[in-house]
file protein_23.cif (mmCIF, C-alpha atoms)
data_target
loop_
_atom_site.label_atom_id
_atom_site.label_comp_id
_atom_site.auth_asym_id
_atom_site.auth_seq_id
_atom_site.Cartn_x
_atom_site.Cartn_y
_atom_site.Cartn_z
CA MET A 1124 -12.66 15.42 -30.49
CA TYR A 1125 -10.73 16.81 -27.55
CA GLU A 1126 -7.87 19.15 -28.37
CA TRP A 1127 -4.86 18.49 -26.23
CA ASP A 1128 -2.89 21.49 -25.11
CA PHE A 1129 0.23 20.76 -23.13
CA SER A 1130 1.45 24.36 -23.00
CA VAL A 1131 0.05 24.65 -19.47
CA ILE A 1132 2.81 22.34 -18.26
CA PRO A 1133 5.85 24.49 -19.14
CA MET A 1134 3.89 27.58 -18.07
CA ASN A 1135 3.45 26.13 -14.59
CA ALA A 1136 6.71 24.23 -14.38
CA ASP A 1137 7.87 26.24 -11.36
CA LEU A 1138 4.79 25.21 -9.36
CA LEU A 1139 5.25 21.57 -10.30
CA ILE A 1140 8.90 21.69 -9.28
CA MET A 1141 7.90 23.21 -5.95
CA GLY A 1142 5.42 20.37 -5.54
CA LEU A 1143 8.04 17.80 -6.40
CA TYR A 1144 10.32 19.37 -3.80
CA GLY A 1145 7.51 19.10 -1.21
CA THR A 1146 7.02 15.43 -2.08
CA ILE A 1147 10.72 14.67 -1.76
CA LYS A 1148 10.99 16.62 1.49
CA VAL A 1149 8.28 14.58 3.18
CA PHE A 1150 9.56 11.33 1.67
CA VAL A 1151 13.10 11.88 2.95
CA SER A 1152 12.00 13.10 6.40
CA ALA A 1153 9.61 10.17 6.82
CA PHE A 1154 12.35 7.74 5.81
CA VAL A 1155 14.95 9.28 8.13
CA ILE A 1156 12.55 9.02 11.08
CA GLY A 1157 10.84 5.79 10.09
CA PHE A 1158 13.83 3.59 9.36
CA PRO A 1159 15.61 3.77 12.75
CA SER A 1160 12.24 3.75 14.55
CA GLY A 1161 11.50 0.51 12.71
CA LEU A 1162 14.64 -1.07 14.12
CA ILE A 1163 13.77 0.09 17.63
CA LEU A 1164 10.21 -1.25 17.29
CA ALA A 1165 11.55 -4.57 15.99
CA LEU A 1166 13.96 -4.93 18.91
CA MET A 1167 11.17 -4.11 21.34
CA ARG A 1168 8.92 -6.66 19.70
CA LEU A 1169 11.67 -9.26 19.99
CA SER A 1170 12.24 -8.38 23.63
CA ARG A 1171 12.20 -11.22 26.16
CA PHE A 1172 9.94 -9.13 28.38
CA LYS A 1173 6.31 -9.76 27.48
CA ILE A 1174 5.31 -6.44 29.00
CA ILE A 1175 7.21 -4.77 26.15
CA SER A 1176 6.84 -7.23 23.31
CA ILE A 1177 3.05 -7.69 23.47
CA PRO A 1178 1.93 -4.03 23.41
CA ILE A 1179 4.54 -3.19 20.77
CA GLY A 1180 3.34 -6.12 18.68
CA LEU A 1181 -0.22 -4.83 18.91
CA PHE A 1182 0.92 -1.31 18.05
CA ILE A 1183 2.72 -2.58 14.94
CA ASP A 1184 -0.29 -4.65 13.88
CA PHE A 1185 -2.59 -1.69 14.41
CA LEU A 1186 -0.47 0.55 12.20
CA ARG A 1187 -0.16 -2.12 9.56
CA SER A 1188 -3.85 -2.78 9.38
CA THR A 1189 -5.25 0.74 9.48
CA PRO A 1190 -5.39 2.70 6.22
CA ALA A 1191 -2.74 5.44 6.19
CA LEU A 1192 -5.22 8.13 5.18
CA ILE A 1193 -7.21 7.64 8.40
CA LEU A 1194 -4.03 7.96 10.45
CA LEU A 1195 -3.14 11.08 8.51
CA PHE A 1196 -6.54 12.66 9.24
CA TRP A 1197 -6.17 11.62 12.84
CA PHE A 1198 -2.77 13.29 13.13
CA PHE A 1199 -3.92 16.37 11.29
CA PHE A 1200 -7.38 16.96 12.80
CA ALA A 1201 -7.47 15.07 16.09
CA PHE A 1202 -3.93 14.97 17.48
CA PRO A 1203 -3.56 18.80 17.68
CA ILE A 1204 -6.61 18.99 19.97
CA ILE A 1205 -5.19 16.36 22.30
CA ILE A 1206 -1.80 18.01 22.64
CA GLY A 1207 -3.28 21.52 22.50
CA LEU A 1208 -0.91 22.64 19.75
CA MET A 1209 -1.54 23.38 16.09
CA ILE A 1210 0.51 21.19 13.81
CA GLN A 1211 1.21 21.90 10.19
CA ALA A 1212 0.27 19.65 7.31
CA PHE A 1213 3.97 18.91 6.73
CA LEU A 1214 4.46 17.64 10.27
CA ALA A 1215 1.24 15.61 10.26
CA ALA A 1216 2.16 14.03 6.94
CA THR A 1217 5.74 13.27 7.97
CA LEU A 1218 4.64 11.79 11.29
CA THR A 1219 1.99 9.60 9.68
CA LEU A 1220 4.20 8.28 6.91
CA ALA A 1221 7.08 7.79 9.34
CA ILE A 1222 5.17 5.70 11.86
CA VAL A 1223 3.44 3.63 9.20
CA ALA A 1224 6.79 3.02 7.51
CA ALA A 1225 8.35 2.24 10.89
CA ALA A 1226 5.74 -0.46 11.52
CA PHE A 1227 6.42 -2.10 8.17
CA TYR A 1228 10.21 -1.75 8.49
CA ALA A 1229 9.94 -3.30 11.96
CA GLU A 1230 8.43 -6.46 10.52
CA ILE A 1231 11.23 -6.67 7.94
CA PHE A 1232 13.88 -6.20 10.64
CA ARG A 1233 12.19 -8.83 12.75
CA ALA A 1234 12.03 -11.35 9.91
CA GLY A 1235 15.68 -10.67 9.09
CA ILE A 1236 16.83 -11.03 12.68
CA ASN A 1237 14.78 -14.19 13.15
CA SER A 1238 16.29 -15.68 10.00
CA ILE A 1239 19.75 -15.90 11.62
CA GLU A 1240 20.05 -19.29 13.23
CA ARG A 1241 19.99 -19.75 17.00
CA GLY A 1242 23.49 -21.21 16.95
CA GLN A 1243 24.99 -17.83 16.18
CA TRP A 1244 23.30 -16.26 19.19
CA GLU A 1245 24.53 -19.06 21.36
CA SER A 1246 28.12 -19.02 20.14
CA ALA A 1247 28.32 -15.25 20.45
CA SER A 1248 27.00 -15.28 23.98
CA ALA A 1249 29.45 -18.08 24.75
CA LEU A 1250 32.15 -15.59 23.75
CA GLY A 1251 30.82 -13.34 26.49
CA MET A 1252 29.19 -10.70 24.26
CA THR A 1253 26.26 -8.78 25.68
CA ARG A 1254 22.94 -8.98 23.86
CA LEU A 1255 23.35 -5.56 22.25
CA GLU A 1256 26.94 -6.18 21.21
CA LEU A 1257 25.92 -9.49 19.75
CA LEU A 1258 23.13 -7.88 17.81
CA ARG A 1259 25.37 -5.13 16.48
CA ARG A 1260 28.43 -7.21 15.61
CA VAL A 1261 27.04 -10.62 14.68
CA ILE A 1262 23.34 -10.63 13.87
CA LEU A 1263 22.57 -7.31 12.18
CA PRO A 1264 25.46 -7.32 9.68
CA GLN A 1265 24.23 -10.64 8.31
CA ALA A 1266 20.53 -9.90 8.67
CA ILE A 1267 20.67 -6.51 6.95
CA LYS A 1268 22.07 -8.00 3.78
CA ARG A 1269 19.11 -10.36 3.58
CA MET A 1270 16.64 -7.58 4.26
CA ILE A 1271 17.81 -5.19 1.54
CA PRO A 1272 15.28 -6.09 -1.17
CA ALA A 1273 12.35 -6.03 1.25
CA PHE A 1274 13.52 -2.66 2.58
CA LEU A 1275 13.78 -1.18 -0.87
CA GLU A 1276 10.34 -2.48 -1.77
CA ARG A 1277 8.90 -0.92 1.35
CA THR A 1278 10.68 2.36 0.63
CA ILE A 1279 9.11 2.49 -2.82
CA GLU A 1280 5.79 1.84 -1.09
CA LEU A 1281 6.54 4.85 1.14
CA LEU A 1282 7.14 7.01 -1.92
CA LYS A 1283 3.81 5.81 -3.31
CA THR A 1284 2.02 6.86 -0.12
CA THR A 1285 3.30 10.45 -0.25
CA PRO A 1286 0.46 11.75 -2.48
CA LEU A 1287 -1.92 11.17 0.44
CA MET A 1288 -0.76 14.41 1.99
CA ALA A 1289 -2.44 16.33 -0.80
CA ALA A 1290 -5.61 15.39 1.10
CA VAL A 1291 -4.58 17.66 3.98
CA ALA A 1292 -3.64 20.44 1.55
CA TYR A 1293 0.12 20.02 1.85
CA SER A 1294 1.55 21.35 -1.40
CA ASP A 1295 3.15 18.20 -2.74
CA LEU A 1296 3.29 17.28 -6.42
CA LEU A 1297 -0.28 15.95 -6.54
CA PHE A 1298 -1.72 18.95 -4.71
CA GLN A 1299 0.05 21.39 -7.03
CA ALA A 1300 -1.21 19.42 -10.01
CA MET A 1301 -4.81 19.59 -8.80
CA ASP A 1302 -4.37 23.28 -8.16
CA ILE A 1303 -2.96 23.99 -11.62
CA ALA A 1304 -5.61 21.78 -13.22
CA GLN A 1305 -8.34 23.81 -11.58
CA LYS A 1306 -6.88 27.18 -12.52
CA THR A 1307 -6.09 26.33 -16.14
CA PHE A 1308 -9.13 24.12 -16.84
CA ARG A 1309 -6.70 21.56 -18.25
CA PRO A 1310 -7.01 18.65 -15.80
CA LEU A 1311 -6.43 16.02 -18.49
CA GLU A 1312 -3.02 17.34 -19.55
CA VAL A 1313 -1.80 18.34 -16.09
CA LEU A 1314 -2.86 15.18 -14.28
CA THR A 1315 -1.63 12.90 -17.06
CA VAL A 1316 1.79 14.55 -17.02
CA VAL A 1317 1.96 14.36 -13.23
CA ALA A 1318 0.99 10.69 -13.27
CA GLY A 1319 3.85 10.32 -15.77
CA ILE A 1320 6.26 12.07 -13.40
CA TYR A 1321 5.33 9.68 -10.59
CA PHE A 1322 5.76 6.77 -12.96
CA MET A 1323 9.20 7.94 -14.00
CA MET A 1324 10.25 8.29 -10.38
CA ILE A 1325 8.95 4.91 -9.29
CA TYR A 1326 9.34 2.61 -12.29
CA PRO A 1327 13.15 2.74 -12.68
CA THR A 1328 13.49 2.27 -8.93
CA SER A 1329 11.31 -0.82 -8.89
CA LEU A 1330 13.15 -2.24 -11.91
CA GLY A 1331 16.42 -1.76 -10.06
CA VAL A 1332 15.03 -3.45 -6.96
CA ARG A 1333 13.79 -6.43 -8.99
CA LYS A 1334 17.22 -6.82 -10.56
CA LEU A 1335 18.95 -6.66 -7.20
CA GLU A 1336 16.44 -9.15 -5.82
CA ARG A 1337 17.27 -11.68 -8.51
CA LYS A 1338 20.97 -11.16 -7.93
CA LEU A 1339 20.67 -11.64 -4.18
CA ALA A 1340 18.33 -14.59 -4.62
CA LYS A 1341 20.98 -16.32 -6.71
CA SER A 1342 23.58 -15.84 -4.00
CA GLY A 1343 21.04 -17.08 -1.46
CA GLU A 1344 20.93 -13.88 0.55
CA SER A 1345 17.34 -12.80 0.30
CA THR A 1346 14.35 -13.04 2.59
CA VAL A 1347 11.97 -12.09 -0.20
CA HIS A 1348 10.23 -15.20 -1.39
CA MET B 293 0.80 20.85 26.57
CA GLU B 294 -2.21 19.55 28.37
CA PHE B 295 -3.76 16.15 28.17
CA SER B 296 -7.04 16.93 29.85
CA TYR B 297 -9.22 16.33 26.81
CA ASN B 298 -12.62 14.95 27.69
CA TRP B 299 -13.42 12.13 25.36
CA ASP B 300 -17.06 12.10 24.40
CA PHE B 301 -18.21 9.26 22.21
CA ASN B 302 -21.91 10.13 22.54
CA SER B 303 -21.94 12.18 19.36
CA ILE B 304 -20.63 9.07 17.58
CA LEU B 305 -23.10 6.68 19.15
CA PHE B 306 -26.07 8.93 18.39
CA ASN B 307 -24.98 9.15 14.77
CA TRP B 308 -24.18 5.51 14.26
CA ASP B 309 -26.40 5.47 11.17
CA VAL B 310 -24.07 7.91 9.38
CA LEU B 311 -21.11 5.64 10.01
CA ALA B 312 -23.16 2.56 9.16
CA HIS B 313 -24.02 4.06 5.80
CA GLY B 314 -20.36 4.93 5.27
CA LEU B 315 -19.41 1.37 6.11
CA LEU B 316 -21.93 0.12 3.57
CA VAL B 317 -20.39 2.27 0.83
CA THR B 318 -16.90 1.09 1.86
CA MET B 319 -18.12 -2.48 1.51
CA GLN B 320 -19.68 -1.74 -1.88
CA ILE B 321 -16.42 -0.23 -3.18
CA SER B 322 -14.46 -3.18 -1.79
CA ALA B 323 -16.81 -5.75 -3.31
CA ILE B 324 -16.78 -4.10 -6.73
CA THR B 325 -13.03 -3.52 -6.86
CA LEU B 326 -12.23 -7.01 -5.58
CA THR B 327 -14.43 -8.68 -8.17
CA ALA B 328 -13.33 -6.47 -11.05
CA GLY B 329 -9.68 -6.20 -10.00
CA LEU B 330 -8.99 -9.83 -9.16
CA GLY B 331 -11.00 -10.97 -12.19
CA PHE B 332 -9.32 -8.70 -14.70
CA GLY B 333 -5.95 -9.32 -13.05
CA PHE B 334 -6.33 -13.00 -13.89
CA PHE B 335 -6.52 -12.27 -17.60
CA LEU B 336 -3.64 -9.80 -17.34
CA GLY B 337 -1.60 -12.49 -15.62
CA LEU B 338 -2.34 -14.93 -18.42
CA GLY B 339 -1.46 -12.19 -20.92
CA ARG B 340 1.89 -11.55 -19.26
CA TYR B 341 2.62 -15.26 -19.35
CA SER B 342 1.51 -15.66 -22.95
CA ARG B 343 3.96 -16.58 -25.70
CA LEU B 344 2.19 -14.22 -28.08
CA GLN B 345 3.50 -10.67 -28.25
CA ILE B 346 0.04 -9.18 -28.95
CA PHE B 347 -1.16 -10.40 -25.56
CA ARG B 348 2.06 -9.94 -23.69
CA PHE B 349 2.93 -6.38 -24.62
CA PRO B 350 -0.34 -4.61 -23.66
CA SER B 351 -0.59 -6.65 -20.47
CA ASN B 352 2.94 -5.66 -19.51
CA VAL B 353 2.32 -1.98 -20.18
CA PHE B 354 -0.91 -2.03 -18.16
CA VAL B 355 0.65 -3.83 -15.22
CA GLU B 356 3.81 -1.70 -15.06
CA LEU B 357 1.82 1.50 -15.45
CA PHE B 358 -0.64 0.89 -12.64
CA ARG B 359 1.85 -0.75 -10.33
CA ASN B 360 4.09 2.28 -10.50
CA VAL B 361 1.69 5.21 -10.30
CA PRO B 362 0.38 5.85 -6.77
CA ALA B 363 -3.26 4.81 -6.31
CA LEU B 364 -4.40 8.26 -5.20
CA VAL B 365 -2.92 9.85 -8.31
CA VAL B 366 -4.88 7.33 -10.39
CA ILE B 367 -8.09 8.10 -8.48
CA ILE B 368 -7.63 11.84 -9.02
CA TRP B 369 -6.90 11.20 -12.69
CA PHE B 370 -10.05 9.11 -13.16
CA PHE B 371 -12.16 11.72 -11.41
CA PHE B 372 -10.84 14.98 -12.90
CA ALA B 373 -9.15 14.01 -16.15
CA PHE B 374 -10.83 10.86 -17.46
CA PRO B 375 -14.39 12.32 -17.79
CA ILE B 376 -13.08 14.69 -20.48
CA ILE B 377 -12.26 11.83 -22.83
CA SER B 378 -14.68 9.25 -21.47
CA PRO B 379 -17.63 8.25 -23.62
CA PHE B 380 -19.74 7.66 -20.51
CA GLU B 381 -20.60 9.61 -17.38
CA VAL B 382 -18.06 9.20 -14.55
CA ASP B 383 -19.17 10.11 -11.05
CA ALA B 384 -16.91 10.03 -7.99
CA PHE B 385 -18.00 6.53 -6.99
CA THR B 386 -17.29 5.14 -10.47
CA ALA B 387 -13.95 6.94 -10.67
CA ALA B 388 -12.84 5.50 -7.33
CA CYS B 389 -13.98 1.98 -8.27
CA LEU B 390 -12.23 2.16 -11.64
CA ALA B 391 -8.97 3.40 -10.13
CA ILE B 392 -8.84 0.88 -7.30
CA SER B 393 -9.83 -1.92 -9.68
CA VAL B 394 -7.03 -1.22 -12.13
CA ASN B 395 -4.55 -0.98 -9.26
CA THR B 396 -5.71 -4.30 -7.83
CA ALA B 397 -5.71 -5.87 -11.29
CA ALA B 398 -2.13 -4.78 -11.95
CA PHE B 399 -0.84 -6.15 -8.65
CA SER B 400 -2.80 -9.38 -8.78
CA ALA B 401 -1.68 -10.06 -12.37
CA ASP B 402 1.83 -10.73 -11.14
CA ILE B 403 0.55 -13.00 -8.39
CA TYR B 404 -1.35 -15.13 -10.92
CA ARG B 405 1.64 -15.16 -13.24
CA ALA B 406 4.00 -16.22 -10.48
CA GLY B 407 1.54 -18.94 -9.49
CA ILE B 408 1.41 -20.33 -13.02
CA GLN B 409 5.18 -20.06 -13.41
CA SER B 410 5.75 -21.92 -10.17
CA ILE B 411 4.36 -25.09 -11.72
CA SER B 412 7.25 -27.07 -13.14
CA PRO B 413 7.59 -27.10 -16.94
CA HIS B 414 7.61 -30.91 -16.86
CA GLN B 415 3.94 -30.85 -16.05
CA TRP B 416 3.28 -28.88 -19.22
CA GLU B 417 5.34 -31.36 -21.18
CA ALA B 418 3.54 -34.29 -19.65
CA GLY B 419 0.19 -32.70 -20.53
CA ARG B 420 1.31 -32.10 -24.09
CA ALA B 421 2.55 -35.66 -24.37
CA LEU B 422 -0.96 -36.78 -23.49
CA GLY B 423 -2.21 -34.68 -26.39
CA MET B 424 -3.90 -32.00 -24.34
CA PRO B 425 -4.31 -28.55 -25.91
CA TYR B 426 -2.85 -25.47 -24.15
CA LEU B 427 -6.07 -24.40 -22.45
CA THR B 428 -6.86 -27.88 -21.21
CA ILE B 429 -3.43 -28.15 -19.61
CA LEU B 430 -4.00 -24.80 -17.93
CA ARG B 431 -7.44 -25.75 -16.70
CA ARG B 432 -6.87 -29.33 -15.62
CA ILE B 433 -3.25 -29.45 -14.54
CA VAL B 434 -1.80 -26.04 -13.85
CA PHE B 435 -4.69 -24.13 -12.22
CA PRO B 436 -5.66 -26.72 -9.61
CA GLN B 437 -2.09 -26.67 -8.29
CA ALA B 438 -1.39 -22.97 -8.79
CA ILE B 439 -4.57 -21.88 -7.00
CA LYS B 440 -3.25 -23.10 -3.67
CA ARG B 441 -0.14 -21.00 -4.06
CA VAL B 442 -1.89 -17.83 -5.19
CA ILE B 443 -4.62 -17.72 -2.55
CA PRO B 444 -2.50 -16.33 0.33
CA PRO B 445 -0.93 -13.46 -1.69
CA LEU B 446 -4.31 -12.71 -3.30
CA THR B 447 -5.83 -12.43 0.16
CA SER B 448 -3.20 -9.85 1.12
CA ARG B 449 -3.92 -8.00 -2.09
CA GLY B 450 -7.63 -8.04 -1.29
CA ILE B 451 -6.90 -6.55 2.12
CA GLU B 452 -4.84 -3.86 0.43
CA ALA B 453 -7.83 -3.06 -1.82
CA VAL B 454 -10.08 -2.61 1.22
CA LYS B 455 -7.51 -0.21 2.66
CA LEU B 456 -7.35 1.67 -0.64
CA SER B 457 -11.11 2.26 -0.51
CA THR B 458 -10.48 5.05 2.03
CA LEU B 459 -8.77 7.08 -0.69
CA ALA B 460 -12.19 7.57 -2.29
CA SER B 461 -12.94 10.06 0.49
CA VAL B 462 -10.56 12.50 -1.20
CA ILE B 463 -13.00 12.88 -4.10
CA ALA B 464 -15.96 13.06 -1.69
CA VAL B 465 -17.34 9.55 -2.05
CA ASN B 466 -19.30 9.11 1.15
CA GLU B 467 -17.54 5.98 2.39
CA LEU B 468 -16.61 5.38 6.01
CA LEU B 469 -13.73 7.85 6.30
CA TYR B 470 -15.71 10.57 4.54
CA SER B 471 -18.64 9.99 6.91
CA ALA B 472 -16.27 10.56 9.82
CA LYS B 473 -15.09 13.76 8.19
CA GLN B 474 -18.68 14.96 7.87
CA LEU B 475 -19.54 13.96 11.43
CA SER B 476 -16.53 15.80 12.78
CA ALA B 477 -17.43 18.92 10.81
CA ILE B 478 -20.96 18.97 12.23
CA HIS B 479 -20.27 17.90 15.80
CA PHE B 480 -16.72 19.25 16.24
CA ASN B 481 -15.51 15.84 17.39
CA PRO B 482 -12.61 14.94 15.09
CA ILE B 483 -10.84 12.97 17.82
CA GLU B 484 -13.76 10.66 18.48
CA ALA B 485 -14.82 10.42 14.84
CA TYR B 486 -11.41 9.53 13.44
CA THR B 487 -10.53 7.27 16.35
CA ALA B 488 -13.81 5.39 15.90
CA VAL B 489 -13.21 4.95 12.18
CA ALA B 490 -9.60 3.86 12.72
CA LEU B 491 -10.85 1.22 15.17
CA ILE B 492 -13.60 0.04 12.82
CA PHE B 493 -11.05 -0.46 10.06
CA PHE B 494 -8.69 -2.19 12.43
CA MET B 495 -11.45 -4.55 13.51
CA ILE B 496 -12.21 -5.42 9.89
CA ILE B 497 -8.69 -5.66 8.54
CA TYR B 498 -6.80 -7.20 11.45
CA PRO B 499 -8.80 -10.47 11.50
CA LEU B 500 -8.44 -10.66 7.72
CA THR B 501 -4.68 -10.27 8.07
CA ARG B 502 -4.53 -13.02 10.69
CA PHE B 503 -6.64 -15.17 8.40
CA SER B 504 -4.21 -14.62 5.52
CA TYR B 505 -1.27 -15.67 7.74
CA PHE B 506 -3.26 -18.76 8.69
CA LEU B 507 -3.91 -19.56 5.02
CA GLU B 508 -0.25 -19.05 4.22
CA ARG B 509 0.83 -21.52 6.91
CA ARG B 510 -1.93 -23.97 6.12
CA LEU B 511 -1.51 -24.02 2.36
CA GLY B 512 2.27 -23.79 2.67
CA HIS B 513 2.32 -27.01 4.69
CA SER B 514 0.21 -29.02 2.31
CA ASP B 515 2.54 -28.37 -0.61
#

call {"tool": "encode", "arguments": {"input": "protein_23.cif", "output": "structure tokens"}}
result
Amino acid sequence: MYEWDFSVIPMNADLLIMGLYGTIKVFVSAFVIGFPSGLILALMRLSRFKIISIPIGLFIDFLRSTPALILLFWFFFAFPIIIGLMIQAFLAATLTLAIVAAAFYAEIFRAGINSIERGQWESASALGMTRLELLRRVILPQAIKRMIPAFLERTIELLKTTPLMAAVAYSDLLFQAMDIAQKTFRPLEVLTVVAGIYFMMIYPTSLGVRKLERKLAKSGESTVH
Amino acid sequence: MEFSYNWDFNSILFNWDVLAHGLLVTMQISAITLTAGLGFGFFLGLGRYSRLQIFRFPSNVFVELFRNVPALVVIIWFFFAFPIISPFEVDAFTAACLAISVNTAAFSADIYRAGIQSISPHQWEAGRALGMPYLTILRRIVFPQAIKRVIPPLTSRGIEAVKLSTLASVIAVNELLYSAKQLSAIHFNPIEAYTAVALIFFMIIYPLTRFSYFLERRLGHSD
């Protein structure tokens, strides 16, 4: 019978906290870059000029249908050779997660913007608003409310993708856990606890999102089916 | 910054067999995890929908657990931690298949459940009025209608499982991404190797995605 020994966890708590900090750092940076980029991509995809909308559409589809780990390896191992500069694991991870998130956010923005009826566009342009003004003052305020649940879901998804960066040796929570597990010969305890930490970060958030979703669905303001 | 890199895909073309073998392993992982995950997910979905606490509680715990722990963490757990308590041998391939299967099962369980729930309760009542037992109602009335509604989301889930198969490379399963890693280590061609693999995945997954949109529209209309 295996004898569990959890004392390795408090002994290495500082390393785990450092890892957690690394995870949060990449998560926040990727969100801060990815979210506005998603809006820009969505607007470009909705552009009336085919020369913009078609390549951007392809770009979004490419990012959505290529596994994130491949993109991460590409940014970490291949991209530096092309630009002739070394890039750190942190930057590669942030870039990858940010552009993947941007592609998914873009589709949510697009669905939200498309869900506002044509009449509103027409009446606003009849008032003499420019396209951008119209978007900012009429369409987006309504669309964003409908997009909230989908955004939150996607943001949780982003948090769930962060462990990938352990694969390029960035010291996030998972990487630290693997490191501690190797040094202490206690992989079962360390990895189980770390899985628990991820669960405790993600589960309450998804419960909250589900609750909000139901609330918004009742008031008829959701694009999530 | 200079952009004068000379692309050279020859080292990829000459080693196509390495990538082909990787692709085969990727397909094996996908086939196993899709069968196991979508199959087991079905029973979990029934369990979550069940009126009996003994079925509902464990199904709920399983689903919430594996929906909310990142897939890579689960893979690492199955590879490094699970063998210590496992009664059977666990190699990297098995660990990856187990982890991706439980992830797929957890996510598909809710799709099945939503599909069953979407059938109006009157249909259950009508079935009961005809004297049908629970399982017969499920099999003859609910499933045939629910299946149309669950196919599009299950297809997306299947696509997600194929994408997850790349995570197996982290524990050195020689699937497609890992083959690219090996190629690039031998031939110093990370740009070509990773670009080629990204394109291969795109060419597999993109048509599947389009197909799932098609199914969604098609089956959505007929409802």

call {"tool": "closest_residue", "arguments": {"input": "protein_23.cif", "among": "A:Ile1183, A:Leu1281, A:Ala1290, A:Ile1236", "to": "chain B", "atoms": "only C-alpha atoms"}}
result
A:Ala1290

call {"tool": "resolve_selection", "arguments": {"input": "protein_23.cif", "expression": "the PyMOL selection byres ((chain B) within 7 of (chain A))", "output": "ChimeraX atom specification"}}
result
/B:293-295,297,360-362,364-365,369,372-374,455,458-459,462,469,482-483,486,490,493-494,497-498

call {"tool": "residues_around", "arguments": {"input": "protein_23.cif", "residues": "range 418-430 of chain B", "least_positions_apart": "6", "cutoff": "12 Å", "atoms": "only C-alpha atoms", "output": "ChimeraX atom specification"}}
result
/B:338,341-343,407-409,411-412,436-439

call {"tool": "write_last_selection", "arguments": {"input": "protein_23.cif", "atoms": "C-alpha atoms", "output": "PDB file, keeping the file's coordinate frame"}}
result
ATOM      1  CA  LEU B 338      -2.340 -14.930 -18.420  1.00  0.00           C
ATOM      2  CA  TYR B 341       2.620 -15.260 -19.350  1.00  0.00           C
ATOM      3  CA  SER B 342       1.510 -15.660 -22.950  1.00  0.00           C
ATOM      4  CA  ARG B 343       3.960 -16.580 -25.700  1.00  0.00           C
ATOM      5  CA  GLY B 407       1.540 -18.940  -9.490  1.00  0.00           C
ATOM      6  CA  ILE B 408       1.410 -20.330 -13.020  1.00  0.00           C
ATOM      7  CA  GLN B 409       5.180 -20.060 -13.410  1.00  0.00           C
ATOM      8  CA  ILE B 411       4.360 -25.090 -11.720  1.00  0.00           C
ATOM      9  CA  SER B 412       7.250 -27.070 -13.140  1.00  0.00           C
ATOM     10  CA  PRO B 436      -5.660 -26.720  -9.610  1.00  0.00           C
ATOM     11  CA  GLN B 437      -2.090 -26.670  -8.290  1.00  0.00           C
ATOM     12  CA  ALA B 438      -1.390 -22.970  -8.790  1.00  0.00           C
ATOM     13  CA  ILE B 439      -4.570 -21.880  -7.000  1.00  0.00           C
TER      14      ILE B 439
END

call {"tool": "residues_around", "arguments": {"input": "protein_23.cif", "residues": "Ile1271 in chain A", "least_positions_apart": "3", "cutoff": "9 Å", "atoms": "all atoms listed in the file", "output": "ChimeraX atom specification"}}
result
/A:1266-1268,1274-1276,1335-1336,1345-1346

call {"tool": "write_last_selection", "arguments": {"input": "protein_23.cif", "atoms": "C-alpha atoms", "output": "compact mmCIF listing (two decimals), keeping the file's coordinate frame"}}
result
# COMPACT_ATOMS: atom_id res chain seq x y z
CA ALA A 1266 20.53 -9.90 8.67
CA ILE A 1267 20.67 -6.51 6.95
CA LYS A 1268 22.07 -8.00 3.78
CA PHE A 1274 13.52 -2.66 2.58
CA LEU A 1275 13.78 -1.18 -0.87
CA GLU A 1276 10.34 -2.48 -1.77
CA LEU A 1335 18.95 -6.66 -7.20
CA GLU A 1336 16.44 -9.15 -5.82
CA SER A 1345 17.34 -12.80 0.30
CA THR A 1346 14.35 -13.04 2.59

call {"tool": "closest_residue", "arguments": {"input": "protein_23.cif", "among": "B:Phe349, B:Phe301, B:Tyr470, B:Phe385", "to": "Gly337 in chain B", "atoms": "all atoms listed in the file"}}
result
B:Phe349

call {"tool": "atom_distance", "arguments": {"input": "protein_23.cif", "atom1": "CA of Asp1295 in chain A", "atom2": "CA of Asp1128 in chain A"}}
result
23.4 Å
